[in-house]
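Data block for structure-v6.csv (CSV, C-alpha atoms and all ligand atoms):
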chain,number,residue,atom,x,y,z
A,22,MET,CA,95.7,310.4,125.0
A,23,ASN,CA,93.5,312.7,122.8
A,24,VAL,CA,91.0,311.2,120.4
A,25,ILE,CA,89.3,313.5,117.8
A,26,ALA,CA,86.4,312.3,115.7
A,27,PHE,CA,84.5,314.0,112.9
A,28,ASN,CA,80.8,313.5,112.1
A,29,GLY,CA,80.3,314.1,108.4
A,30,SER,CA,76.5,313.6,108.6
A,31,PRO,CA,74.2,316.6,108.7
A,32,ARG,CA,72.1,314.4,111.0
A,33,LYS,CA,73.6,315.1,114.4
A,34,LYS,CA,71.4,313.2,116.8
A,35,ASN,CA,70.6,309.5,117.1
A,36,TRP,CA,71.2,308.7,113.4
A,37,ASN,CA,73.6,306.1,112.0
A,38,THR,CA,76.9,307.8,111.7
A,39,VAL,CA,76.8,309.9,114.8
A,40,THR,CA,75.6,306.9,116.9
A,41,LEU,CA,78.5,304.7,115.8
A,42,LEU,CA,81.0,307.6,116.4
A,43,GLU,CA,79.6,308.1,119.9
A,44,ASN,CA,80.1,304.5,120.6
A,45,VAL,CA,83.7,304.6,119.4
A,46,LEU,CA,84.3,307.6,121.6
A,47,LYS,CA,82.7,305.8,124.6
A,48,GLY,CA,85.1,302.9,124.1
A,49,ALA,CA,88.0,305.3,123.9
A,50,ALA,CA,86.9,307.2,127.0
A,51,GLU,CA,86.5,304.1,129.0
A,52,SER,CA,90.1,303.2,128.1
A,53,GLY,CA,91.2,306.5,129.6
A,54,ALA,CA,91.3,308.8,126.5
A,55,GLY,CA,90.1,312.4,126.3
A,56,THR,CA,87.6,312.6,123.4
A,57,GLU,CA,86.1,315.2,121.1
A,58,LEU,CA,83.4,314.9,118.6
A,59,VAL,CA,83.3,317.6,115.9
A,60,ASN,CA,80.0,317.9,113.9
A,61,LEU,CA,81.2,319.2,110.5
A,62,TYR,CA,77.7,320.6,109.7
A,63,ASP,CA,78.0,323.0,112.7
A,64,LEU,CA,81.1,324.6,111.0
A,65,ASP,CA,81.4,327.2,108.3
A,66,PHE,CA,84.3,326.0,106.2
A,67,SER,CA,85.5,325.3,102.7
A,68,GLY,CA,87.7,322.6,101.1
A,69,CYS,CA,91.2,323.3,99.8
A,70,ILE,CA,91.3,326.6,97.8
A,71,SER,CA,94.5,325.6,96.0
A,72,CYS,CA,96.5,328.6,97.3
A,73,PHE,CA,99.6,326.4,97.7
A,74,SER,CA,100.7,328.3,100.9
A,75,CYS,CA,101.5,324.8,102.4
A,76,LYS,CA,103.8,324.1,99.4
A,77,LYS,CA,105.8,327.3,99.5
A,78,LYS,CA,109.5,326.7,99.8
A,79,ASN,CA,110.0,329.5,102.4
A,80,ARG,CA,106.9,328.5,104.5
A,81,LYS,CA,107.2,329.0,108.2
A,82,SER,CA,105.9,325.6,109.2
A,83,ASP,CA,105.0,322.3,107.7
A,84,GLY,CA,101.5,320.8,107.6
A,85,VAL,CA,99.6,324.1,108.2
A,86,CYS,CA,96.6,325.1,106.1
A,87,ALA,CA,96.6,328.9,105.5
A,88,VAL,CA,92.8,329.1,105.0
A,89,ASN,CA,91.2,330.8,108.0
A,90,ASP,CA,87.7,329.6,108.8
A,91,ASP,CA,85.9,327.5,111.4
A,92,LEU,CA,88.0,324.5,110.5
A,93,SER,CA,91.3,326.1,111.3
A,94,PRO,CA,91.3,325.7,115.1
A,95,VAL,CA,90.0,322.1,114.7
A,96,LEU,CA,92.9,321.3,112.3
A,97,ASP,CA,95.3,322.7,115.0
A,98,ARG,CA,93.8,320.2,117.4
A,99,VAL,CA,94.3,317.3,115.0
A,100,ARG,CA,98.0,318.1,115.1
A,101,ASN,CA,98.0,317.1,118.8
A,102,ALA,CA,95.6,314.1,118.4
A,103,ASP,CA,96.7,310.6,119.2
A,104,VAL,CA,93.8,309.0,117.3
A,105,LEU,CA,91.8,310.4,114.4
A,106,ILE,CA,88.4,309.1,113.4
A,107,VAL,CA,86.3,310.2,110.4
A,108,GLY,CA,82.6,309.1,110.1
A,109,THR,CA,80.5,309.8,107.1
A,110,PRO,CA,77.4,308.7,105.3
A,111,VAL,CA,78.0,307.5,101.8
A,112,TYR,CA,76.5,310.1,99.4
A,113,TYR,CA,76.6,309.1,95.7
A,114,GLY,CA,79.3,306.5,96.3
A,115,THR,CA,81.6,308.7,98.3
A,116,GLU,CA,81.8,310.8,101.4
A,117,SER,CA,79.4,313.6,102.2
A,118,ALA,CA,80.4,317.0,100.8
A,119,ALA,CA,81.5,318.4,104.2
A,120,THR,CA,83.6,315.3,104.7
A,121,ARG,CA,85.3,315.7,101.3
A,122,ALA,CA,86.1,319.3,102.2
A,123,LEU,CA,87.6,318.2,105.5
A,124,LEU,CA,89.7,315.5,103.9
A,125,GLU,CA,91.2,318.0,101.4
A,126,ARG,CA,92.1,320.3,104.2
A,127,LEU,CA,93.4,317.5,106.4
A,128,PHE,CA,95.6,315.7,103.8
A,129,PHE,CA,97.0,318.4,101.5
A,130,PRO,CA,99.2,320.4,104.0
A,131,TYR,CA,100.9,317.1,105.1
A,132,ASN,CA,101.6,316.1,101.5
A,133,ASN,CA,104.8,317.8,100.4
A,134,TYR,CA,105.2,316.2,97.0
A,135,SER,CA,108.4,314.6,98.0
A,136,LYS,CA,109.5,311.6,95.9
A,137,ASP,CA,108.9,309.2,98.8
A,138,LEU,CA,105.5,310.8,99.6
A,139,LYS,CA,106.5,310.9,103.2
A,140,SER,CA,103.8,312.6,105.3
A,141,GLN,CA,104.6,315.9,107.1
A,142,PHE,CA,102.4,314.9,110.0
A,143,PRO,CA,104.8,314.7,113.0
A,144,ARG,CA,103.8,311.3,114.3
A,145,VAL,CA,102.2,308.0,113.2
A,146,ILE,CA,98.8,307.6,114.9
A,147,ASN,CA,95.9,305.2,114.7
A,148,THR,CA,93.0,306.3,112.5
A,149,ALA,CA,89.6,305.0,111.6
A,150,LEU,CA,87.1,305.6,108.9
A,151,ILE,CA,83.4,304.8,109.4
A,152,TYR,CA,81.0,304.7,106.5
A,153,THR,CA,77.2,304.2,106.8
A,154,MET,CA,75.1,303.5,103.7
A,155,ASN,CA,71.9,302.3,102.3
A,156,VAL,CA,73.3,299.5,100.1
A,157,ASP,CA,74.2,296.1,101.3
A,158,LEU,CA,77.7,294.6,101.0
A,159,GLU,CA,76.9,293.0,97.6
A,160,ASP,CA,75.7,296.3,96.0
A,161,LEU,CA,78.6,298.1,97.6
A,162,LYS,CA,80.8,296.0,95.3
A,163,ASN,CA,78.4,296.0,92.4
A,164,TYR,CA,78.3,299.8,92.3
A,165,GLY,CA,82.1,300.1,92.7
A,166,PHE,CA,81.7,302.1,95.9
A,167,ASP,CA,84.3,300.0,97.7
A,168,HIS,CA,87.1,301.3,95.4
A,169,HIS,CA,86.5,304.8,96.5
A,170,LEU,CA,86.2,304.0,100.2
A,171,ASN,CA,89.4,302.0,100.1
A,172,LEU,CA,91.2,304.9,98.4
A,173,THR,CA,90.3,307.2,101.3
A,174,LYS,CA,91.4,304.5,103.7
A,175,LYS,CA,94.8,304.4,102.0
A,176,MET,CA,95.1,308.2,102.2
A,177,LEU,CA,94.5,308.1,105.9
A,178,ASP,CA,97.1,305.3,106.2
A,179,ARG,CA,99.6,307.3,104.3
A,180,HIS,CA,99.1,310.7,105.9
A,181,PHE,CA,98.5,309.8,109.5
A,182,GLY,CA,98.8,306.1,110.3
A,183,PRO,CA,97.1,302.7,110.1
A,184,CYS,CA,93.4,303.1,109.3
A,185,GLU,CA,90.6,300.7,110.4
A,186,LEU,CA,87.7,300.7,107.9
A,187,PHE,CA,84.3,300.2,109.5
A,188,LEU,CA,81.4,299.7,107.1
A,189,SER,CA,77.8,299.9,108.3
A,190,VAL,CA,75.6,298.7,105.4
A,191,ASP,CA,71.9,298.5,104.8
A,192,THR,CA,71.2,301.3,107.3
A,193,MET,CA,67.8,302.7,108.2
A,194,GLN,CA,67.3,306.0,106.4
A,195,TYR,CA,63.9,307.1,107.7
A,196,SER,CA,62.3,306.4,111.1
A,197,ASP,CA,58.9,306.1,109.3
A,198,TYR,CA,59.3,304.8,105.7
A,199,SER,CA,55.5,305.3,105.0
A,200,LYS,CA,56.0,309.1,105.1
A,201,TYR,CA,58.6,309.2,102.3
A,202,GLU,CA,59.2,307.8,98.8
A,203,SER,CA,60.8,304.5,99.4
A,204,GLU,CA,59.5,301.9,97.0
A,205,ARG,CA,62.8,300.3,96.4
A,206,PHE,CA,63.3,299.6,100.1
A,207,ASP,CA,61.8,296.9,102.2
A,208,ALA,CA,60.8,299.1,105.2
A,209,GLU,CA,60.1,296.2,107.5
A,210,ALA,CA,63.4,294.5,106.8
A,211,LYS,CA,65.2,297.8,107.3
A,212,LEU,CA,63.5,298.3,110.7
A,213,LYS,CA,64.2,294.7,111.7
A,214,ARG,CA,67.8,295.0,110.8
A,215,ASN,CA,68.1,298.3,112.7
A,216,GLU,CA,66.6,296.8,115.8
A,217,GLU,CA,68.5,293.5,115.7
A,218,PHE,CA,71.8,294.2,114.1
A,219,PHE,CA,72.6,297.9,114.7
A,220,PRO,CA,73.1,297.4,118.5
A,221,GLU,CA,75.7,294.8,117.6
A,222,GLU,CA,77.4,297.3,115.3
A,223,CYS,CA,77.4,299.8,118.1
A,224,LYS,CA,79.2,297.2,120.3
A,225,LYS,CA,81.7,296.7,117.5
A,226,ALA,CA,82.3,300.4,117.3
A,227,PHE,CA,82.8,300.6,121.1
A,228,ASP,CA,85.4,297.8,120.9
A,229,MET,CA,87.1,299.6,118.1
A,230,GLY,CA,87.4,302.7,120.3
A,231,ARG,CA,89.1,300.7,123.0
A,232,ARG,CA,91.4,299.1,120.4
A,233,LEU,CA,92.4,302.4,118.9
A,234,VAL,CA,93.5,303.7,122.3
A,235,THR,CA,95.0,300.7,123.9
A,236,ASN,CA,97.1,299.6,120.8
A,237,PRO,CA,99.0,302.7,119.8
A,238,ALA,CA,100.4,302.8,116.3
B,1,LIG,C1,72.2,313.0,99.3
B,1,LIG,C2,72.3,311.5,99.7
B,1,LIG,C3,72.9,310.6,98.9
B,1,LIG,C4,73.0,309.3,99.2
B,1,LIG,N1,73.7,308.4,98.4
B,1,LIG,C5,73.9,307.1,98.8
B,1,LIG,C6,74.6,306.2,98.0
B,1,LIG,O1,75.2,306.6,96.9
B,1,LIG,N2,74.7,304.9,98.4
B,1,LIG,C7,74.1,304.5,99.6
B,1,LIG,O2,74.2,303.3,99.9
B,1,LIG,N3,73.4,305.3,100.4
B,1,LIG,C8,73.3,306.7,100.0
B,1,LIG,N4,72.6,307.5,100.8
B,1,LIG,C9,72.0,307.0,102.1
B,1,LIG,C10,72.9,307.3,103.3
B,1,LIG,O3,74.2,307.0,103.0
B,1,LIG,C11,72.5,306.4,104.5
B,1,LIG,O4,71.1,306.6,104.8
B,1,LIG,C12,73.3,306.8,105.7
B,1,LIG,O5,73.4,305.7,106.6
B,1,LIG,C13,72.9,308.1,106.4
B,1,LIG,O6,73.7,308.3,107.5
B,1,LIG,P1,73.1,309.2,108.8
B,1,LIG,O7,72.0,308.4,109.3
B,1,LIG,O8,74.2,309.2,109.7
B,1,LIG,O9,72.7,310.5,108.3
B,1,LIG,C14,72.4,308.8,100.5
B,1,LIG,C15,71.7,309.8,101.3
B,1,LIG,C16,71.6,311.1,100.9
B,1,LIG,C17,70.9,312.1,101.8
Go through the file and emit its structure as structure tokens.
Amino acid sequence: MNVIAFNGSPRKKNWNTVTLLENVLKGAAESGAGTELVNLYDLDFSGCISCFSCKKKNRKSDGVCAVNDDLSPVLDRVRNADVLIVGTPVYYGTESAATRALLERLFFPYNNYSKDLKSQFPRVINTALIYTMNVDLEDLKNYGFDHHLNLTKKMLDRHFGPCELFLSVDTMQYSDYSKYESERFDAEAKLKRNEEFFPEECKKAFDMGRRLVTNPA
């Protein structure tokens, strides 16, 4: 069983998104899966360029993106994955720019504009979407971010298979709040939450990794 996970945060070590992803992959590995973590900010790639090669009637294969860049070999590996996980910080109410670019390239080739919207991905697999963000659950709703996050969840459901949504709210943004502008945050509360609650979230992420592998779609 192959599990592939994408980190859409430019912060690749010890920060919120990557730490949760590492825990998911640990859970998956302990359940016997082979795992791969792809740091999107290590790759030079673009979003969809609207070339429509994947929609040509005489195309050689379905579900293949014609753009040739660092993401191309990774998309080939997604084709063989049994579990697909995307983790991203929330930037302006949505995914980070690199994650958006990934999602365009992931989804569009498998979407053939058929009336029934049937995905061209060859199998149904488990998927998961991890978001980390500054706001708490209440503001997530107040600002309307939940609408967008649920939309992306539905896209993963539809193109690849059932998607678990994992929301990590009220995250710690700086390790030392005194060094940065941060008037609107309660630094002490952030630190406390990080120390007391984040380890629990890591455990939940680990359990999710196990679940994704042991209960195939
Ligand atoms: C450019 C930028 C935009 C952000 N926009 C939001 C936002 O709209 N809502 C929010 O709750 N947090 C926002 N944040 C905070 C991050 O989502 C949050 O700190 C996240 O947990 C960072 O993930 P990381 O630690 O894995 O990098 C933003 C951060 C940056 C750098």
Please tabulate, as a tab-separated table, the residues of chain A that come within 9 Å of ligand LIG 1 (chain B), each with its closest pair of atoms and the distance in Å to one decimal, counting all atoms listed in the file and ordering rows by chain, then residue number upward.
residue	atom	partner	partner_atom	distance
A:Asn28	CA	B:LIG1	O8	8.2
A:Gly29	CA	B:LIG1	O8	7.9
A:Ser30	CA	B:LIG1	O9	4.9
A:Pro31	CA	B:LIG1	O9	6.3
A:Arg32	CA	B:LIG1	O9	4.8
A:Lys33	CA	B:LIG1	O8	7.6
A:Lys34	CA	B:LIG1	O8	8.6
A:Asn35	CA	B:LIG1	O7	8.0
A:Trp36	CA	B:LIG1	O7	4.2
A:Asn37	CA	B:LIG1	O7	3.9
A:Thr38	CA	B:LIG1	O8	3.6
A:Val39	CA	B:LIG1	O8	5.8
A:Thr40	CA	B:LIG1	O8	7.7
A:Leu41	CA	B:LIG1	O8	8.7
A:Gly108	CA	B:LIG1	O8	8.4
A:Thr109	CA	B:LIG1	O8	6.8
A:Pro110	CA	B:LIG1	O3	4.3
A:Val111	CA	B:LIG1	O3	4.0
A:Tyr112	CA	B:LIG1	N1	3.4
A:Tyr113	CA	B:LIG1	O1	3.1
A:Gly114	CA	B:LIG1	O1	4.1
A:Thr115	CA	B:LIG1	O1	6.9
A:Glu116	CA	B:LIG1	O3	8.6
A:Ser117	CA	B:LIG1	C1	7.8
A:Tyr152	CA	B:LIG1	O5	7.7
A:Thr153	CA	B:LIG1	O5	4.1
A:Met154	CA	B:LIG1	O3	3.7
A:Asn155	CA	B:LIG1	O2	3.5
A:Val156	CA	B:LIG1	O2	3.9
A:Asp157	CA	B:LIG1	O2	7.3
A:Asp160	CA	B:LIG1	O2	8.2
A:Leu161	CA	B:LIG1	O2	7.2
A:Tyr164	CA	B:LIG1	N2	8.7
A:Phe166	CA	B:LIG1	N2	7.9
A:Ser189	CA	B:LIG1	O5	7.5
A:Val190	CA	B:LIG1	O2	7.3
A:Asp191	CA	B:LIG1	O2	7.2
A:Thr192	CA	B:LIG1	O5	5.0
A:Met193	CA	B:LIG1	O4	6.1
A:Gln194	CA	B:LIG1	O4	4.2
A:Tyr195	CA	B:LIG1	O4	7.8
Using only C-alpha atoms, the residue out of A:Phe129, A:Ser199, A:Glu57, A:Asn23 with shortest distance to Ser74 (chain A) is A:Phe129
CA of Arg100 (chain A) and CA of Asn44 (chain A) are how many Å apart?
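Rounded to one decimal, the two atoms are 23.1 Å apart.
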State, in Å with one decimal place, the distance from CA of Arg121 (chain A) to CA of Leu96 (chain A).
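We find that CA of Arg121 (chain A) and CA of Leu96 (chain A) lie 14.5 Å from each other.
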Calculated over all atoms listed in the file, which of the candidates A:Pro220, A:Ala26, A:Gly84, A:Ser93 has the smallest distance to Leu46 (chain A)?
A:Ala26
Please, could N, CA, C and O atoms be added to region 89-112 of chain A and the result written as a compact mmCIF listing (two decimals), in the coordinates of the input?
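Dumped to part02.txt:
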# COMPACT_ATOMS: atom_id res chain seq x y z
N ASN A 89 91.67 330.45 106.65
CA ASN A 89 91.20 330.80 108.00
C ASN A 89 89.71 330.78 108.07
O ASN A 89 89.03 331.67 107.58
N ASP A 90 89.19 329.71 108.64
CA ASP A 90 87.70 329.60 108.80
C ASP A 90 87.46 328.73 110.02
O ASP A 90 88.37 328.45 110.81
N ASP A 91 86.23 328.28 110.18
CA ASP A 91 85.90 327.50 111.40
C ASP A 91 86.69 326.24 111.56
O ASP A 91 86.79 325.68 112.65
N LEU A 92 87.22 325.73 110.43
CA LEU A 92 88.00 324.50 110.50
C LEU A 92 89.39 324.68 111.06
O LEU A 92 90.00 323.74 111.59
N SER A 93 89.89 325.89 110.96
CA SER A 93 91.30 326.10 111.30
C SER A 93 91.67 325.71 112.73
O SER A 93 92.64 324.95 112.91
N PRO A 94 90.92 326.15 113.76
CA PRO A 94 91.30 325.70 115.10
C PRO A 94 91.16 324.20 115.30
O PRO A 94 91.88 323.59 116.09
N VAL A 95 90.24 323.60 114.55
CA VAL A 95 90.00 322.10 114.70
C VAL A 95 91.26 321.42 114.07
O VAL A 95 91.76 320.44 114.63
N LEU A 96 91.76 321.93 112.94
CA LEU A 96 92.90 321.30 112.30
C LEU A 96 94.15 321.43 113.25
O LEU A 96 95.01 320.54 113.31
N ASP A 97 94.22 322.54 114.01
CA ASP A 97 95.30 322.70 115.00
C ASP A 97 95.20 321.57 116.05
O ASP A 97 96.20 321.02 116.49
N ARG A 98 93.96 321.23 116.42
CA ARG A 98 93.80 320.20 117.40
C ARG A 98 94.14 318.81 116.87
O ARG A 98 94.65 317.94 117.59
N VAL A 99 93.90 318.61 115.58
CA VAL A 99 94.30 317.30 115.00
C VAL A 99 95.78 317.11 115.08
O VAL A 99 96.26 315.99 115.31
N ARG A 100 96.52 318.19 114.97
CA ARG A 100 98.00 318.10 115.10
C ARG A 100 98.43 317.47 116.39
O ARG A 100 99.45 316.80 116.47
N ASN A 101 97.62 317.68 117.45
CA ASN A 101 98.00 317.10 118.80
C ASN A 101 97.21 315.82 119.08
O ASN A 101 97.33 315.30 120.18
N ALA A 102 96.45 315.33 118.12
CA ALA A 102 95.60 314.10 118.40
C ALA A 102 96.48 312.87 118.37
O ALA A 102 97.46 312.78 117.64
N ASP A 103 96.06 311.90 119.17
CA ASP A 103 96.70 310.60 119.20
C ASP A 103 95.91 309.57 118.38
O ASP A 103 96.42 308.51 118.01
N VAL A 104 94.65 309.87 118.16
CA VAL A 104 93.80 309.00 117.30
C VAL A 104 92.85 309.94 116.54
O VAL A 104 92.33 310.91 117.09
N LEU A 105 92.68 309.61 115.27
CA LEU A 105 91.80 310.40 114.40
C LEU A 105 90.77 309.54 113.75
O LEU A 105 91.10 308.50 113.17
N ILE A 106 89.50 309.95 113.90
CA ILE A 106 88.40 309.10 113.40
C ILE A 106 87.50 310.01 112.49
O ILE A 106 87.13 311.12 112.89
N VAL A 107 87.18 309.50 111.32
CA VAL A 107 86.30 310.20 110.40
C VAL A 107 85.07 309.32 110.15
O VAL A 107 85.23 308.17 109.74
N GLY A 108 83.87 309.83 110.40
CA GLY A 108 82.60 309.10 110.10
C GLY A 108 81.80 309.85 109.13
O GLY A 108 81.65 311.07 109.24
N THR A 109 81.27 309.14 108.15
CA THR A 109 80.50 309.80 107.10
C THR A 109 79.43 308.89 106.52
O THR A 109 79.68 307.69 106.36
N PRO A 110 78.27 309.44 106.16
CA PRO A 110 77.40 308.70 105.30
C PRO A 110 77.94 308.59 103.92
O PRO A 110 78.69 309.49 103.52
N VAL A 111 77.60 307.55 103.19
CA VAL A 111 78.00 307.50 101.80
C VAL A 111 76.93 308.31 101.00
O VAL A 111 75.73 308.07 101.11
N TYR A 112 77.39 309.32 100.29
CA TYR A 112 76.50 310.10 99.40
C TYR A 112 77.06 309.91 97.98
O TYR A 112 78.20 310.24 97.68
